[in-house]
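Report on the structure given below.
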Amino acid sequence: MSEHGERSAPGKGLVNGLAVTLRTMTRRSTTQQYPDVEPELPPRSRGVIALLEENCTVCMLCARECPDWCIYIDSHKEEVVVPGAARARQRNVLDRFDIDFSLCMYCGICIEVCPFDALHWSPEFEYSEMDVLDLLHDKNRLGAWMPTVPPPPAHDVLGEPSKEETTAARKAAGPGAATPARTARPATRPAGTAAETQAEAPEGGR
C-alpha cells in the first residue's frame with residue numbers, strides 16, 4: 001500500500017532496489033584503503049585533546065564547563081618567594097589532570113573556555129583500546145599529544161588585529177603614532193544625503 005492508500009504493483013519495491021544496485025555497480029569505488037592509506041583529515045578535525053601543562057593555572061573552568069564531567073583535576077598550593085616582595089606568594093601546582101575519553105563527546109567546550117591555551121585539538125585519532133578503562137588519559141599522556149598539534153592558522157591580512165597586537169604596536173611606536181589598528185582598513189566615508197551630494201557636484205555637472 002502507498003501513502004495515499006493505493007495498492008502498488010507487485011514487485012515494484014524489488015525493481016526499485018535492483019535499479020539502485022545497478023546504478024552503483026557502474027560507478028567507480030571511492031573506498032579508502034585504511035589503515036594502509038592514511039585518510040586526509042580536514043584542518044580543524046577533532047581527534048584527541050592535548051594538554052600543555054605549563055600553561056595550566058588550575059582555574060577549573062574546563063572541568064566546570066564540561067557537560068559530561070569527564071575532566072578530573074587535583075592540585076595543591078605552594079609558596080613562591082619573590083625577591084623584593086613583602087610576603088611570599090602562593091601558586092597552584094597541578095597534581096592530576098585526567099580526561100576520560102570513554103565519556104567525552106568531543107564538543108570542544110573545554111578548549112574554548114581555557115583562558116591560557118592549555119588545551120589543544122590534535123588530529124590524532126588512533127588511540128582505541130581493548131579495555132575501556134585505558135581511555136582515561138592522565139596529564140603525561142595528554143602532554144605526549146602536544147607534538148602532534150598543528151600550528152595555528154595564519155591571520156587574515158584584511159582582518160582586524162587582536163588586542164594584544166594592537167597594545168604591543170602602540171607601546172613600540174610611542175604615544176601619538178599610528179598603530180596597525182588605525183591603518184588596517186582605509187577609512188570609508190559615509191554616504192551623505194542627496195542634497196549634500198548635489199551641493200558637492202562640480203558646476204559643469206549641473
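Following the order of the C-alpha cells, chains are lettered A, B, ..., residues in each are numbered from 1, and ligands are numbered from 1.
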Can you pull out every residue within 10 Å of Cys66 in chain A, counting only C-alpha atoms, but drop anything in the same chain fewer than 6 positions away, and send it as an mmCIF file with all heavy atoms, in the first residue's frame?
```
data_model
loop_
_atom_site.group_PDB
_atom_site.id
_atom_site.type_symbol
_atom_site.label_atom_id
_atom_site.label_comp_id
_atom_site.auth_asym_id
_atom_site.auth_seq_id
_atom_site.Cartn_x
_atom_site.Cartn_y
_atom_site.Cartn_z
ATOM 1 N N CYS A 104 33.841 11.429 26.941
ATOM 2 C CA CYS A 104 33.955 12.686 26.188
ATOM 3 C C CYS A 104 33.144 12.605 24.900
ATOM 4 O O CYS A 104 33.154 11.599 24.189
ATOM 5 C CB CYS A 104 35.424 12.965 25.872
ATOM 6 S SG CYS A 104 35.687 14.468 24.899
ATOM 7 N N MET A 105 32.409 13.686 24.590
ATOM 8 C CA MET A 105 31.648 13.752 23.342
ATOM 9 C C MET A 105 32.278 14.730 22.356
ATOM 10 O O MET A 105 31.651 15.098 21.368
ATOM 11 C CB MET A 105 30.200 14.143 23.608
ATOM 12 C CG MET A 105 29.995 15.517 24.191
ATOM 13 S SD MET A 105 28.232 15.840 24.419
ATOM 14 C CE MET A 105 28.289 17.525 25.001
ATOM 15 N N CYS A 107 32.960 17.899 22.250
ATOM 16 C CA CYS A 107 32.273 19.161 21.959
ATOM 17 C C CYS A 107 33.252 20.321 21.863
ATOM 18 O O CYS A 107 32.958 21.336 21.228
ATOM 19 C CB CYS A 107 31.222 19.445 23.024
ATOM 20 S SG CYS A 107 31.900 19.680 24.692
ATOM 21 N N GLY A 108 34.421 20.227 22.514
ATOM 22 C CA GLY A 108 35.424 21.279 22.445
ATOM 23 C C GLY A 108 35.184 22.435 23.387
ATOM 24 O O GLY A 108 35.881 23.456 23.290
ATOM 25 N N ILE A 109 34.227 22.325 24.302
ATOM 26 C CA ILE A 109 33.952 23.432 25.220
ATOM 27 C C ILE A 109 35.151 23.685 26.128
ATOM 28 O O ILE A 109 35.485 24.841 26.430
ATOM 29 C CB ILE A 109 32.688 23.136 26.043
ATOM 30 C CG1 ILE A 109 31.463 23.120 25.128
ATOM 31 C CG2 ILE A 109 32.492 24.171 27.153
ATOM 32 C CD1 ILE A 109 30.161 22.799 25.835
ATOM 33 N N CYS A 110 35.823 22.631 26.582
ATOM 34 C CA CYS A 110 36.971 22.812 27.465
ATOM 35 C C CYS A 110 38.081 23.604 26.781
ATOM 36 O O CYS A 110 38.767 24.416 27.412
ATOM 37 C CB CYS A 110 37.485 21.457 27.932
ATOM 38 S SG CYS A 110 37.953 20.325 26.602
ATOM 39 N N ILE A 111 38.266 23.376 25.502
ATOM 40 C CA ILE A 111 39.299 24.105 24.763
ATOM 41 C C ILE A 111 38.884 25.555 24.544
ATOM 42 O O ILE A 111 39.715 26.474 24.594
ATOM 43 C CB ILE A 111 39.578 23.398 23.425
ATOM 44 C CG1 ILE A 111 40.089 21.982 23.684
ATOM 45 C CG2 ILE A 111 40.583 24.167 22.574
ATOM 46 C CD1 ILE A 111 40.309 21.174 22.437
ATOM 47 N N VAL A 113 36.930 27.442 26.514
ATOM 48 C CA VAL A 113 36.878 28.254 27.734
ATOM 49 C C VAL A 113 38.238 28.398 28.402
ATOM 50 O O VAL A 113 38.373 29.225 29.315
ATOM 51 C CB VAL A 113 35.879 27.655 28.745
ATOM 52 C CG1 VAL A 113 34.484 27.601 28.147
ATOM 53 C CG2 VAL A 113 36.320 26.284 29.218
#
```
Please list as a PyMOL selection string every residue within 10 Å of range 32-44 of chain A, counting only C-alpha atoms and excluding residues in the same chain fewer than 4 positions away. chain A and resi 121-124+150+152-153
Export all heavy atoms of the chosen residues as a short mmCIF file (atom, residue, chain, number, x, y, z; two decimals), in the first residue's frame?
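The result, stored in out.cif:
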```
data_model
loop_
_atom_site.label_atom_id
_atom_site.label_comp_id
_atom_site.auth_asym_id
_atom_site.auth_seq_id
_atom_site.Cartn_x
_atom_site.Cartn_y
_atom_site.Cartn_z
N TRP A 121 43.42 20.91 20.28
CA TRP A 121 42.96 19.78 19.48
C TRP A 121 44.13 19.19 18.71
O TRP A 121 44.92 19.91 18.12
CB TRP A 121 41.89 20.21 18.48
CG TRP A 121 40.50 20.29 19.01
CD1 TRP A 121 39.69 21.39 19.04
CD2 TRP A 121 39.72 19.23 19.56
NE1 TRP A 121 38.48 21.08 19.59
CE2 TRP A 121 38.47 19.75 19.91
CE3 TRP A 121 39.97 17.86 19.80
CZ2 TRP A 121 37.46 18.99 20.49
CZ3 TRP A 121 38.97 17.10 20.38
CH2 TRP A 121 37.73 17.66 20.71
N SER A 122 44.22 17.89 18.74
CA SER A 122 45.18 17.17 17.92
C SER A 122 44.42 16.31 16.92
O SER A 122 43.38 15.73 17.26
CB SER A 122 46.07 16.27 18.79
OG SER A 122 46.82 15.37 17.99
N PRO A 123 44.88 16.22 15.67
CA PRO A 123 44.16 15.40 14.68
C PRO A 123 44.34 13.90 14.86
O PRO A 123 43.74 13.11 14.13
CB PRO A 123 44.76 15.87 13.35
CG PRO A 123 46.13 16.34 13.69
CD PRO A 123 46.03 16.92 15.07
N GLU A 124 45.16 13.47 15.83
CA GLU A 124 45.38 12.04 16.04
C GLU A 124 44.09 11.39 16.56
O GLU A 124 43.44 11.90 17.47
CB GLU A 124 46.51 11.83 17.04
CG GLU A 124 47.86 12.34 16.57
CD GLU A 124 48.37 11.57 15.37
OE1 GLU A 124 48.08 10.35 15.30
OE2 GLU A 124 49.05 12.16 14.52
N PRO A 150 48.74 20.74 15.28
CA PRO A 150 49.19 21.57 14.14
C PRO A 150 49.34 23.02 14.56
O PRO A 150 48.71 23.47 15.53
CB PRO A 150 48.05 21.38 13.11
CG PRO A 150 46.85 21.05 13.93
CD PRO A 150 47.35 20.25 15.10
N PRO A 152 48.80 27.07 14.58
CA PRO A 152 47.58 27.84 14.34
C PRO A 152 47.58 28.43 12.93
O PRO A 152 48.64 28.70 12.36
CB PRO A 152 47.62 28.93 15.41
CG PRO A 152 49.07 29.06 15.77
CD PRO A 152 49.65 27.68 15.62
N PRO A 153 46.41 28.64 12.35
CA PRO A 153 46.36 29.23 11.00
C PRO A 153 46.85 30.66 11.01
O PRO A 153 46.80 31.36 12.03
CB PRO A 153 44.87 29.14 10.63
CG PRO A 153 44.16 29.09 11.94
CD PRO A 153 45.07 28.35 12.88
#
```
Helix (DSSP H, G or I) positions in chain A, given as a VMD selection string: chain A and resid 12 to 25 53 to 55 61 to 65 109 to 113 132 to 135 139 to 144 146 to 148 163 to 173 180 to 183 194 to 200 203 to 205
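If you look at CA of Glu160 in chain A and CA of Ala173 in chain A, they are 18.3 Å away from each other.
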In range 16-127 of chain A, what's strand (DSSP E) per DSSP? Answer as number ranges by chain? A: 48-51, 71-80, 89-100, 119-122
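A straight line drawn from CA of Ile99 in chain A to CA of Gly143 in chain A is 11.7 Å long.
CA of Thr57 in chain A is positioned 14.4 Å from CA of Arg89 in chain A.
Of the residues listed (A:Phe101, A:Pro175, A:Arg27, A:Ala9), A:Phe101 shows the shortest atom-to-atom separation from Glu129 in chain A; distances use only C-alpha atoms.
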Selection: 10 Å around range 93-95 of chain A, only C-alpha atoms, excl. self and same-chain fewer than 2 positions, as a VMD selection string: chain A and resid 53 to 54 56 to 58 73 to 78 90 to 91 97 139
Given the choices A:Ala172, A:Ser102, A:Asn55, A:Leu14, which gets closest to Ser128 in chain A if the distance is worked out from only C-alpha atoms? A:Ser102
Find the residues around Trp69 in chain A up to 10 Å (only C-alpha atoms counted), leave out those fewer than 2 positions away in its own chain, and share them as a VMD selection string. chain A and resid 62 to 67 71 to 72 99 to 100 103 to 104
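Distance annotation: of A:Glu112, A:Glu165, A:Asp98, A:Asp117, the residue with the minimal separation from Leu136 in chain A is A:Asp98; atom set is only C-alpha atoms.
Among the candidates A:Thr26, A:Gly47, A:Val81, A:Leu18, the residue lying nearest to Glu126 in chain A is A:Gly47 (atoms considered: only C-alpha atoms).
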